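This is run36.cif (mmCIF, C-alpha atoms).
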```
data_structure
#
loop_
_atom_site.group_PDB
_atom_site.id
_atom_site.type_symbol
_atom_site.label_atom_id
_atom_site.label_comp_id
_atom_site.auth_asym_id
_atom_site.auth_seq_id
_atom_site.Cartn_x
_atom_site.Cartn_y
_atom_site.Cartn_z
ATOM 1 C CA MET L 1 -25.695 1.314 -3.431
ATOM 2 C CA GLN L 2 -26.568 -0.607 -6.585
ATOM 3 C CA ILE L 3 -23.740 -2.429 -8.309
ATOM 4 C CA ASP L 4 -24.263 -3.368 -11.927
ATOM 5 C CA ASP L 5 -22.404 -5.563 -14.405
ATOM 6 C CA THR L 6 -20.139 -2.717 -15.530
ATOM 7 C CA ASP L 7 -19.001 -2.100 -11.931
ATOM 8 C CA ARG L 8 -18.405 -5.796 -11.472
ATOM 9 C CA ARG L 9 -16.405 -6.027 -14.704
ATOM 10 C CA ILE L 10 -14.221 -3.083 -13.694
ATOM 11 C CA LEU L 11 -13.639 -4.481 -10.202
ATOM 12 C CA ARG L 12 -12.949 -7.991 -11.467
ATOM 13 C CA HIS L 13 -10.065 -6.753 -13.630
ATOM 14 C CA TRP L 14 -8.833 -4.129 -11.192
ATOM 15 C CA LEU L 15 -8.799 -6.340 -8.068
ATOM 16 C CA ALA L 16 -6.952 -9.053 -9.971
ATOM 17 C CA GLU L 17 -4.302 -6.522 -11.089
ATOM 18 C CA PRO L 18 -4.413 -3.298 -9.033
ATOM 19 C CA GLY L 19 -1.246 -2.028 -10.740
ATOM 20 C CA LEU L 20 -2.921 -1.816 -14.157
ATOM 21 C CA GLU L 21 -2.728 1.568 -15.842
ATOM 22 C CA ARG L 22 -6.104 3.238 -16.027
ATOM 23 C CA ALA L 23 -6.159 3.153 -19.850
ATOM 24 C CA VAL L 24 -5.480 -0.594 -19.902
ATOM 25 C CA LEU L 25 -8.049 -1.228 -17.194
ATOM 26 C CA ALA L 26 -10.686 0.740 -19.134
ATOM 27 C CA GLU L 27 -9.949 -1.247 -22.278
ATOM 28 C CA ARG L 28 -10.139 -4.616 -20.483
ATOM 29 C CA ALA L 29 -13.394 -3.671 -18.780
ATOM 30 C CA GLY L 30 -14.771 -2.423 -22.118
ATOM 31 C CA VAL L 31 -15.493 1.150 -20.944
ATOM 32 C CA THR L 32 -14.175 4.610 -21.858
ATOM 33 C CA GLY L 33 -11.643 6.351 -19.635
ATOM 34 C CA ALA L 34 -14.275 8.855 -18.499
ATOM 35 C CA THR L 35 -16.714 6.097 -17.527
ATOM 36 C CA LEU L 36 -13.969 4.320 -15.594
ATOM 37 C CA TRP L 37 -13.160 7.458 -13.550
ATOM 38 C CA ARG L 38 -16.831 8.086 -12.857
ATOM 39 C CA ARG L 39 -17.485 4.502 -11.820
ATOM 40 C CA LEU L 40 -14.447 4.297 -9.534
ATOM 41 C CA ASP L 41 -15.423 7.590 -7.872
ATOM 42 C CA ARG L 42 -18.925 6.290 -7.302
ATOM 43 C CA LEU L 43 -17.608 3.018 -5.834
ATOM 44 C CA ARG L 44 -15.346 4.986 -3.486
ATOM 45 C CA GLU L 45 -18.164 7.258 -2.372
ATOM 46 C CA GLY L 46 -20.468 4.278 -1.860
ATOM 47 C CA GLY L 47 -17.890 2.657 0.416
ATOM 48 C CA VAL L 48 -17.359 -0.337 -1.878
ATOM 49 C CA ILE L 49 -13.718 0.681 -2.371
ATOM 50 C CA ARG L 50 -12.422 1.373 1.123
ATOM 51 C CA ALA L 51 -8.731 1.962 0.671
ATOM 52 C CA GLU L 52 -5.916 1.750 -1.835
ATOM 53 C CA GLY L 53 -2.799 1.192 0.229
ATOM 54 C CA ALA L 54 0.748 0.492 -0.881
ATOM 55 C CA VAL L 55 2.015 -3.019 -0.151
ATOM 56 C CA ILE L 56 5.277 -3.150 1.787
ATOM 57 C CA ASP L 57 7.614 -6.060 1.143
ATOM 58 C CA TRP L 58 9.006 -6.712 4.604
ATOM 59 C CA ARG L 59 11.597 -9.127 3.228
ATOM 60 C CA ALA L 60 13.136 -6.257 1.269
ATOM 61 C CA LEU L 61 13.490 -4.458 4.626
ATOM 62 C CA GLY L 62 15.334 -7.411 6.149
ATOM 63 C CA TYR L 63 12.399 -9.180 7.818
ATOM 64 C CA ALA L 64 13.073 -12.706 6.597
ATOM 65 C CA VAL L 65 10.787 -14.524 9.045
ATOM 66 C CA GLU L 66 6.982 -14.440 8.953
ATOM 67 C CA VAL L 67 4.894 -16.468 11.368
ATOM 68 C CA SER L 68 1.175 -17.013 11.622
ATOM 69 C CA LEU L 69 0.289 -17.395 15.299
ATOM 70 C CA ARG L 70 -3.078 -18.977 16.082
ATOM 71 C CA PHE L 71 -4.502 -18.350 19.537
ATOM 72 C CA THR L 72 -7.352 -19.691 21.547
ATOM 73 C CA LEU L 73 -8.218 -17.352 24.383
ATOM 74 C CA ASP L 74 -9.511 -17.932 27.886
ATOM 75 C CA LYS L 75 -13.233 -17.364 27.319
ATOM 76 C CA THR L 76 -14.081 -17.402 31.024
ATOM 77 C CA GLU L 77 -12.698 -13.847 30.960
ATOM 78 C CA PRO L 78 -15.332 -11.645 29.257
ATOM 79 C CA ARG L 79 -12.807 -8.968 28.215
ATOM 80 C CA ALA L 80 -10.313 -11.495 26.846
ATOM 81 C CA PHE L 81 -10.707 -10.528 23.159
ATOM 82 C CA ASP L 82 -10.548 -6.774 23.699
ATOM 83 C CA GLU L 83 -7.612 -6.896 26.082
ATOM 84 C CA PHE L 84 -5.669 -9.373 23.988
ATOM 85 C CA ILE L 85 -6.132 -7.350 20.781
ATOM 86 C CA GLN L 86 -5.332 -4.075 22.539
ATOM 87 C CA ALA L 87 -2.051 -5.527 23.806
ATOM 88 C CA ALA L 88 -1.206 -7.136 20.437
ATOM 89 C CA ARG L 89 -1.523 -3.724 18.743
ATOM 90 C CA GLU L 90 1.360 -2.521 20.930
ATOM 91 C CA VAL L 91 3.762 -5.056 19.396
ATOM 92 C CA PRO L 92 5.379 -3.362 16.356
ATOM 93 C CA GLU L 93 6.237 -6.653 14.647
ATOM 94 C CA VAL L 94 2.536 -7.615 14.484
ATOM 95 C CA ILE L 95 1.467 -6.697 10.938
ATOM 96 C CA GLY L 96 -2.021 -8.190 10.976
ATOM 97 C CA ILE L 97 -4.742 -9.130 13.479
ATOM 98 C CA GLU L 98 -7.699 -11.334 12.554
ATOM 99 C CA THR L 99 -10.527 -12.748 14.655
ATOM 100 C CA PHE L 100 -12.365 -15.965 13.826
ATOM 101 C CA LEU L 101 -15.314 -18.160 14.473
ATOM 102 C CA GLY L 102 -13.955 -21.679 14.823
ATOM 103 C CA ARG L 103 -11.299 -23.541 16.747
ATOM 104 C CA VAL L 104 -9.008 -20.509 16.461
ATOM 105 C CA ASP L 105 -10.067 -17.242 18.146
ATOM 106 C CA VAL L 106 -7.399 -14.812 16.979
ATOM 107 C CA ARG L 107 -4.561 -14.930 14.516
ATOM 108 C CA LEU L 108 -1.544 -12.633 14.567
ATOM 109 C CA ASN L 109 0.769 -12.199 11.617
ATOM 110 C CA VAL L 110 4.220 -11.499 13.031
ATOM 111 C CA ILE L 111 7.477 -10.665 11.266
ATOM 112 C CA ALA L 112 11.073 -10.879 12.500
ATOM 113 C CA ARG L 113 14.531 -10.297 11.069
ATOM 114 C CA ASP L 114 15.791 -13.822 11.790
ATOM 115 C CA MET L 115 15.190 -16.768 14.097
ATOM 116 C CA GLY L 116 17.069 -15.154 16.981
ATOM 117 C CA HIS L 117 14.951 -12.023 16.689
ATOM 118 C CA TRP L 118 11.829 -14.179 16.409
ATOM 119 C CA THR L 119 12.646 -16.105 19.577
ATOM 120 C CA GLY L 120 13.005 -12.836 21.483
ATOM 121 C CA ILE L 121 9.706 -11.435 20.211
ATOM 122 C CA TYR L 122 7.909 -14.690 20.921
ATOM 123 C CA ARG L 123 9.172 -14.984 24.499
ATOM 124 C CA ASP L 124 9.057 -11.345 25.535
ATOM 125 C CA ARG L 125 6.152 -9.846 23.576
ATOM 126 C CA ILE L 126 3.844 -12.685 22.483
ATOM 127 C CA LEU L 127 3.729 -15.171 25.349
ATOM 128 C CA THR L 128 3.211 -12.217 27.714
ATOM 129 C CA LEU L 129 -0.042 -11.179 25.958
ATOM 130 C CA PRO L 130 -3.095 -11.517 28.240
ATOM 131 C CA HIS L 131 -5.643 -14.373 28.356
ATOM 132 C CA ILE L 132 -3.865 -16.906 26.109
ATOM 133 C CA ALA L 133 -5.229 -20.433 26.538
ATOM 134 C CA GLU L 134 -3.352 -22.011 23.646
ATOM 135 C CA VAL L 135 -0.987 -20.915 20.894
ATOM 136 C CA GLU L 136 0.183 -22.616 17.709
ATOM 137 C CA ALA L 137 2.705 -21.336 15.197
ATOM 138 C CA LEU L 138 2.755 -21.788 11.433
ATOM 139 C CA MET L 139 6.007 -20.614 9.868
ATOM 140 C CA LEU L 140 5.649 -19.187 6.374
ATOM 141 C CA VAL L 141 7.759 -21.022 3.808
ATOM 142 C CA ALA L 142 6.432 -19.411 0.634
ATOM 143 C CA THR L 143 3.445 -17.467 -0.597
ATOM 144 C CA ILE L 144 2.217 -19.318 -3.679
ATOM 145 C CA LYS L 145 -0.732 -17.075 -4.521
ATOM 146 C CA GLU L 146 -1.845 -13.723 -3.158
ATOM 147 C CA THR L 147 -4.604 -11.723 -4.753
ATOM 148 C CA GLY L 148 -7.435 -9.502 -3.670
ATOM 149 C CA GLY L 149 -9.336 -10.689 -6.725
ATOM 150 C CA LEU L 150 -12.956 -11.797 -6.366
ATOM 151 C CA PRO L 151 -14.843 -14.178 -8.680
ATOM 152 C CA LEU L 152 -17.304 -11.427 -9.650
ATOM 153 C CA MET K 1 19.332 -4.424 2.115
ATOM 154 C CA ILE K 2 18.107 -0.848 2.069
ATOM 155 C CA ASP K 3 18.591 1.473 5.067
ATOM 156 C CA LEU K 4 15.690 3.673 6.070
ATOM 157 C CA ASP K 5 15.713 7.014 7.820
ATOM 158 C CA ASP K 6 12.782 8.610 9.651
ATOM 159 C CA LEU K 7 11.503 10.307 6.484
ATOM 160 C CA ASP K 8 11.491 7.012 4.573
ATOM 161 C CA ARG K 9 9.518 5.414 7.384
ATOM 162 C CA ALA K 10 7.046 8.309 7.368
ATOM 163 C CA ILE K 11 6.661 7.894 3.590
ATOM 164 C CA LEU K 12 5.984 4.163 3.979
ATOM 165 C CA ARG K 13 3.412 4.822 6.708
ATOM 166 C CA ALA K 14 1.622 7.419 4.575
ATOM 167 C CA LEU K 15 1.642 5.289 1.434
ATOM 168 C CA SER K 16 0.484 2.120 3.152
ATOM 169 C CA ALA K 17 -2.630 4.042 4.206
ATOM 170 C CA GLU K 18 -3.014 5.935 0.898
ATOM 171 C CA GLY K 19 -1.020 4.365 -1.886
ATOM 172 C CA THR K 20 -2.179 6.789 -4.555
ATOM 173 C CA LEU K 21 -0.728 9.943 -2.932
ATOM 174 C CA SER K 22 1.179 12.059 -5.460
ATOM 175 C CA ALA K 23 4.774 13.016 -4.734
ATOM 176 C CA GLY K 24 3.589 16.629 -4.407
ATOM 177 C CA GLU K 25 1.006 15.796 -1.740
ATOM 178 C CA LEU K 26 3.370 13.427 0.053
ATOM 179 C CA GLY K 27 6.030 16.170 0.090
ATOM 180 C CA ARG K 28 3.567 18.743 1.467
ATOM 181 C CA ARG K 29 2.603 16.450 4.325
ATOM 182 C CA LEU K 30 6.186 15.634 5.265
ATOM 183 C CA GLY K 31 7.809 18.995 4.544
ATOM 184 C CA LEU K 32 9.733 17.794 1.488
ATOM 185 C CA SER K 33 9.911 19.269 -1.994
ATOM 186 C CA GLN K 34 8.026 17.380 -4.681
ATOM 187 C CA PRO K 35 11.254 16.191 -6.408
ATOM 188 C CA ALA K 36 12.752 15.069 -3.076
ATOM 189 C CA ALA K 37 9.621 13.074 -2.211
ATOM 190 C CA TRP K 38 9.591 11.583 -5.716
ATOM 191 C CA ARG K 39 13.266 10.523 -5.462
ATOM 192 C CA ARG K 40 12.619 8.778 -2.139
ATOM 193 C CA VAL K 41 9.568 6.945 -3.451
ATOM 194 C CA ARG K 42 11.537 5.859 -6.515
ATOM 195 C CA ARG K 43 14.397 4.585 -4.328
ATOM 196 C CA LEU K 44 11.955 2.585 -2.150
ATOM 197 C CA THR K 45 10.269 1.179 -5.252
ATOM 198 C CA GLU K 46 13.566 0.214 -6.898
ATOM 199 C CA ALA K 47 14.689 -1.530 -3.690
ATOM 200 C CA GLY K 48 11.501 -3.616 -3.870
ATOM 201 C CA VAL K 49 10.143 -2.233 -0.586
ATOM 202 C CA LEU K 50 7.073 -0.761 -2.267
ATOM 203 C CA LYS K 51 5.504 -3.486 -4.346
ATOM 204 C CA GLY K 52 2.293 -2.162 -5.760
ATOM 205 C CA LEU K 53 -1.177 -1.412 -4.449
ATOM 206 C CA ALA K 54 -3.624 -3.464 -2.442
ATOM 207 C CA VAL K 55 -7.217 -2.450 -3.049
ATOM 208 C CA GLU K 56 -9.411 -3.003 -0.035
ATOM 209 C CA VAL K 57 -13.076 -3.472 -0.878
ATOM 210 C CA ASP K 58 -16.207 -4.054 1.171
ATOM 211 C CA ARG K 59 -16.625 -7.673 0.099
ATOM 212 C CA GLU K 60 -20.081 -7.873 1.624
ATOM 213 C CA LYS K 61 -21.358 -5.062 -0.600
ATOM 214 C CA LEU K 62 -20.108 -7.065 -3.584
ATOM 215 C CA GLY K 63 -22.006 -10.147 -2.476
ATOM 216 C CA PHE K 64 -19.150 -12.040 -0.809
ATOM 217 C CA GLY K 65 -20.309 -12.280 2.772
ATOM 218 C CA VAL K 66 -18.015 -15.068 3.928
ATOM 219 C CA THR K 67 -14.221 -15.348 4.148
ATOM 220 C CA VAL K 68 -12.763 -18.571 5.513
ATOM 221 C CA PHE K 69 -9.206 -19.535 6.319
ATOM 222 C CA LEU K 70 -8.413 -23.180 5.751
ATOM 223 C CA GLY K 71 -5.519 -25.114 7.196
ATOM 224 C CA VAL K 72 -4.775 -28.019 4.857
ATOM 225 C CA LYS K 73 -2.690 -31.070 5.653
ATOM 226 C CA LEU K 74 -1.636 -33.194 2.695
ATOM 227 C CA ALA K 75 -2.470 -36.882 3.105
ATOM 228 C CA THR K 76 -0.087 -38.349 0.599
ATOM 229 C CA LYS K 77 3.042 -36.237 0.515
ATOM 230 C CA GLY K 78 5.084 -39.167 -0.714
ATOM 231 C CA ARG K 79 3.067 -39.907 -3.823
ATOM 232 C CA VAL K 80 1.545 -36.649 -4.883
ATOM 233 C CA SER K 81 4.006 -33.851 -5.373
ATOM 234 C CA LEU K 82 3.448 -30.498 -3.724
ATOM 235 C CA GLU K 83 3.491 -29.005 -7.210
ATOM 236 C CA ASP K 84 0.334 -30.902 -8.208
ATOM 237 C CA PHE K 85 -1.530 -29.567 -5.206
ATOM 238 C CA GLU K 86 -0.200 -26.038 -5.691
ATOM 239 C CA ARG K 87 -1.055 -25.930 -9.385
ATOM 240 C CA ALA K 88 -4.615 -27.102 -8.785
ATOM 241 C CA VAL K 89 -5.338 -24.922 -5.750
ATOM 242 C CA GLN K 90 -4.102 -21.747 -7.445
ATOM 243 C CA ALA K 91 -6.608 -22.222 -10.245
ATOM 244 C CA ILE K 92 -9.625 -22.002 -7.913
ATOM 245 C CA PRO K 93 -11.057 -18.481 -8.328
ATOM 246 C CA GLU K 94 -12.473 -18.391 -4.781
ATOM 247 C CA VAL K 95 -9.002 -19.020 -3.320
ATOM 248 C CA GLN K 96 -7.309 -15.647 -2.783
ATOM 249 C CA VAL K 97 -4.238 -16.715 -0.838
ATOM 250 C CA VAL K 98 -2.153 -19.893 -0.807
ATOM 251 C CA GLN K 99 0.730 -20.126 1.620
ATOM 252 C CA HIS K 100 3.080 -23.043 2.116
ATOM 253 C CA VAL K 101 3.709 -23.266 5.869
ATOM 254 C CA LEU K 102 5.542 -25.386 8.437
ATOM 255 C CA GLY K 103 3.701 -26.599 11.498
ATOM 256 C CA LEU K 104 0.370 -28.210 12.155
ATOM 257 C CA PHE K 105 -0.634 -27.783 8.487
ATOM 258 C CA ASP K 106 1.139 -27.770 5.147
ATOM 259 C CA TYR K 107 -0.868 -24.966 3.538
ATOM 260 C CA ARG K 108 -2.983 -21.997 4.553
ATOM 261 C CA LEU K 109 -5.731 -20.904 2.164
ATOM 262 C CA ARG K 110 -7.905 -17.829 2.191
ATOM 263 C CA VAL K 111 -11.243 -18.560 0.527
ATOM 264 C CA VAL K 112 -14.058 -16.125 -0.306
ATOM 265 C CA ALA K 113 -17.677 -17.206 -0.811
ATOM 266 C CA ARG K 114 -21.095 -15.621 -1.188
ATOM 267 C CA ASP K 115 -22.501 -17.286 1.949
ATOM 268 C CA ILE K 116 -22.025 -20.415 4.039
ATOM 269 C CA ALA K 117 -23.900 -22.570 1.507
ATOM 270 C CA ASP K 118 -21.640 -21.279 -1.273
ATOM 271 C CA PHE K 119 -18.597 -21.964 0.925
ATOM 272 C CA GLU K 120 -19.767 -25.525 1.457
ATOM 273 C CA ARG K 121 -19.999 -25.959 -2.335
ATOM 274 C CA VAL K 122 -16.438 -24.635 -2.807
ATOM 275 C CA LEU K 123 -15.171 -26.839 0.016
ATOM 276 C CA ARG K 124 -16.817 -30.031 -1.248
ATOM 277 C CA ARG K 125 -16.380 -29.638 -4.973
ATOM 278 C CA ARG K 126 -13.111 -27.745 -5.242
ATOM 279 C CA ILE K 127 -11.049 -28.114 -2.059
ATOM 280 C CA MET K 128 -11.781 -31.682 -0.940
ATOM 281 C CA THR K 129 -11.136 -32.911 -4.494
ATOM 282 C CA LEU K 130 -7.638 -31.396 -4.694
ATOM 283 C CA PRO K 131 -4.837 -33.899 -5.304
ATOM 284 C CA GLY K 132 -3.354 -35.191 -2.057
ATOM 285 C CA VAL K 133 -5.622 -33.225 0.283
ATOM 286 C CA GLY K 134 -5.962 -34.699 3.771
ATOM 287 C CA ASN K 135 -7.115 -32.989 6.947
ATOM 288 C CA VAL K 136 -8.820 -29.600 6.522
ATOM 289 C CA GLU K 137 -9.615 -27.144 9.319
ATOM 290 C CA ALA K 138 -11.870 -24.154 8.654
ATOM 291 C CA ASN K 139 -12.089 -20.892 10.598
ATOM 292 C CA VAL K 140 -14.553 -18.209 9.529
ATOM 293 C CA LEU K 141 -13.071 -14.700 9.460
ATOM 294 C CA LEU K 142 -14.936 -12.190 11.639
ATOM 295 C CA THR K 143 -12.657 -9.122 11.600
ATOM 296 C CA GLU K 144 -9.293 -8.221 10.134
ATOM 297 C CA GLU K 145 -6.960 -5.360 10.776
ATOM 298 C CA ARG K 146 -3.794 -4.376 8.928
ATOM 299 C CA ARG K 147 -1.150 -2.905 11.222
ATOM 300 C CA PRO K 148 1.590 -0.458 10.150
ATOM 301 C CA GLY K 149 4.317 -2.838 11.304
ATOM 302 C CA PRO K 150 7.773 -1.887 12.597
ATOM 303 C CA LEU K 151 7.961 1.556 10.977
ATOM 304 C CA GLY K 152 8.019 3.404 14.300
#
```
Take the structure in this file and express it as structure tokens.
Amino acid sequence: MQIDDTDRRILRHWLAEPGLERAVLAERAGVTGATLWRRLDRLREGGVIRAEGAVIDWRALGYAVEVSLRFTLDKTEPRAFDEFIQAAREVPEVIGIETFLGRVDVRLNVIARDMGHWTGIYRDRILTLPHIAEVEALMLVATIKETGGLPL
Amino acid sequence: MIDLDDLDRAILRALSAEGTLSAGELGRRLGLSQPAAWRRVRRLTEAGVLKGLAVEVDREKLGFGVTVFLGVKLATKGRVSLEDFERAVQAIPEVQVVQHVLGLFDYRLRVVARDIADFERVLRRRIMTLPGVGNVEANVLLTEERRPGPLG
């Protein structure tokens, strides 16, 4: 689908602040409310907007620990990626799975209630995942910036 | 900390997939009255568990074909304060996420770019010139998957 400057303007403001009320968003993007609705519908139908999901604050649910685990997998095993990811999906505390081109093959975002809980998950659920060659952990201290905004 | 029952968890699962569901629709799906669904959503919002919407777009369709995660090690932690680095890195429009971490790196950055050439421009002109920046490792994102998390 074709995306024009009006679409880009709407998305630039909306992605930077998805919580904006529709009337405010329309005003910032310089369009009428009706145009905004029409454009957003079109962008949804065209698959540009894929999903609008609520963000869950896991800390508010008592998950104080968040760890980014970076894996390199044993590439002599042709099914390593598929089997690793399949098994990682079975771990409830895994909230995100990413694959990469680079020194890291897969990254898992894992949450835990506290360090004791984390140690248990790491030993029993993570280190038992198949085809791990190497694993490194980065413990989240603070999220300084988090936006889905694009420099459109 | 807020306690959740099975209905709360079902609400969180439904809203993390479709954050714009009305209380009426949410109630219909879960066998709750509209006011009961609304009261539960309000309680989860007031407890800070629901913190807004994340809009997921097809970045490629918008001309951003490349997403790269950078691990950044500061070279001169003694002289340059973390605040200087954080202030400068947040201002880069291509940087979507900045996380302060413990481990092999000091910061994790999520960077979007139009293509690899555009990424190289951002890396050279914006990232490598940040105050205090030392070692940088880049991994190009291939796939990403959000998981529902421990809401079982």
Worksheet item: Mind listing as a PyMOL selection string which residues of chain L are within 7 Å of chain K, counting all atoms listed in the file?
Response: chain L and resi 15+18-19+47-58+60-62+92-104+137-151
Item to complete: Considering only C-alpha atoms, state which residue in the set K:Leu26, K:Ala36, K:Val72, K:Val41 is at the smallest distance from K:Gly134.
Response: K:Val72
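If you look at atom CA of K:Arg121 and atom CA of K:Val66, they are 12.7 Å away from each other.
Reported to one decimal place, the separation of atom CA of L:Ile111 from atom CA of L:Pro130 is 20.0 Å.
Distance-wise, atom CA of L:Val65 and atom CA of L:Gly116 end up 10.1 Å apart.
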Discussion item. Please return as a count of residues only every residue within 12 Å of (-11.9, 4.3, -16.7), taking into account all atoms listed in the file and the file's own coordinates.
Written reply: 30
All residues 12 Å or closer to L:Gln86, only C-alpha atoms, same chain fewer than 3 positions away omitted, as a compact mmCIF listing (two decimals) with C-alpha atoms, keeping the file's coordinate frame:
```
# COMPACT_ATOMS: atom_id res chain seq x y z
CA ARG L 79 -12.81 -8.97 28.22
CA ALA L 80 -10.31 -11.50 26.85
CA PHE L 81 -10.71 -10.53 23.16
CA ASP L 82 -10.55 -6.77 23.70
CA GLU L 83 -7.61 -6.90 26.08
CA ARG L 89 -1.52 -3.72 18.74
CA GLU L 90 1.36 -2.52 20.93
CA VAL L 91 3.76 -5.06 19.40
CA VAL L 94 2.54 -7.62 14.48
CA ILE L 97 -4.74 -9.13 13.48
CA LEU L 129 -0.04 -11.18 25.96
CA PRO L 130 -3.10 -11.52 28.24
CA HIS L 131 -5.64 -14.37 28.36
CA GLU K 145 -6.96 -5.36 10.78
```
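The residues returned by the PyMOL selection byres ((chain K and resi 23) around 7) for this structure are Leu21, Ser22, Gly24, Glu25, Leu26, Gly27, Gln34, Ala37 and Trp38 of chain K.
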May I ask you to restore N, CA and C atoms in stretch 105-120 of chain L and write the result as a CSV table (one decimal), in the frame of the given file?
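Writing done, so here's part24.csv:
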```csv
chain,number,residue,atom,x,y,z
L,105,ASP,N,-9.4,-18.5,17.8
L,105,ASP,CA,-10.1,-17.2,18.1
L,105,ASP,C,-9.4,-16.0,17.4
L,106,VAL,N,-8.1,-16.0,17.5
L,106,VAL,CA,-7.4,-14.8,17.0
L,106,VAL,C,-6.1,-15.3,16.3
L,107,ARG,N,-5.8,-14.6,15.2
L,107,ARG,CA,-4.6,-14.9,14.5
L,107,ARG,C,-3.7,-13.7,14.4
L,108,LEU,N,-2.5,-13.8,14.7
L,108,LEU,CA,-1.5,-12.6,14.6
L,108,LEU,C,-0.5,-13.0,13.5
L,109,ASN,N,-0.3,-12.0,12.6
L,109,ASN,CA,0.8,-12.2,11.6
L,109,ASN,C,2.0,-11.4,12.1
L,110,VAL,N,3.1,-12.1,12.4
L,110,VAL,CA,4.2,-11.5,13.0
L,110,VAL,C,5.5,-11.7,12.2
L,111,ILE,N,6.2,-10.6,12.0
L,111,ILE,CA,7.5,-10.7,11.3
L,111,ILE,C,8.7,-10.5,12.2
L,112,ALA,N,9.8,-11.0,11.7
L,112,ALA,CA,11.1,-10.9,12.5
L,112,ALA,C,12.2,-10.9,11.5
L,113,ARG,N,13.4,-10.4,12.0
L,113,ARG,CA,14.5,-10.3,11.1
L,113,ARG,C,15.1,-11.7,10.8
L,114,ASP,N,15.2,-12.5,11.9
L,114,ASP,CA,15.8,-13.8,11.8
L,114,ASP,C,15.3,-14.7,13.0
L,115,MET,N,15.7,-15.9,13.1
L,115,MET,CA,15.2,-16.8,14.1
L,115,MET,C,15.5,-16.3,15.5
L,116,GLY,N,16.7,-15.7,15.7
L,116,GLY,CA,17.1,-15.2,17.0
L,116,GLY,C,16.1,-14.0,17.4
L,117,HIS,N,15.9,-13.1,16.4
L,117,HIS,CA,15.0,-12.0,16.7
L,117,HIS,C,13.5,-12.6,17.0
L,118,TRP,N,13.2,-13.6,16.2
L,118,TRP,CA,11.8,-14.2,16.4
L,118,TRP,C,11.7,-14.7,17.8
L,119,THR,N,12.7,-15.5,18.3
L,119,THR,CA,12.6,-16.1,19.6
L,119,THR,C,12.4,-15.1,20.7
L,120,GLY,N,13.1,-13.9,20.5
L,120,GLY,CA,13.0,-12.8,21.5
L,120,GLY,C,11.6,-12.3,21.5
```
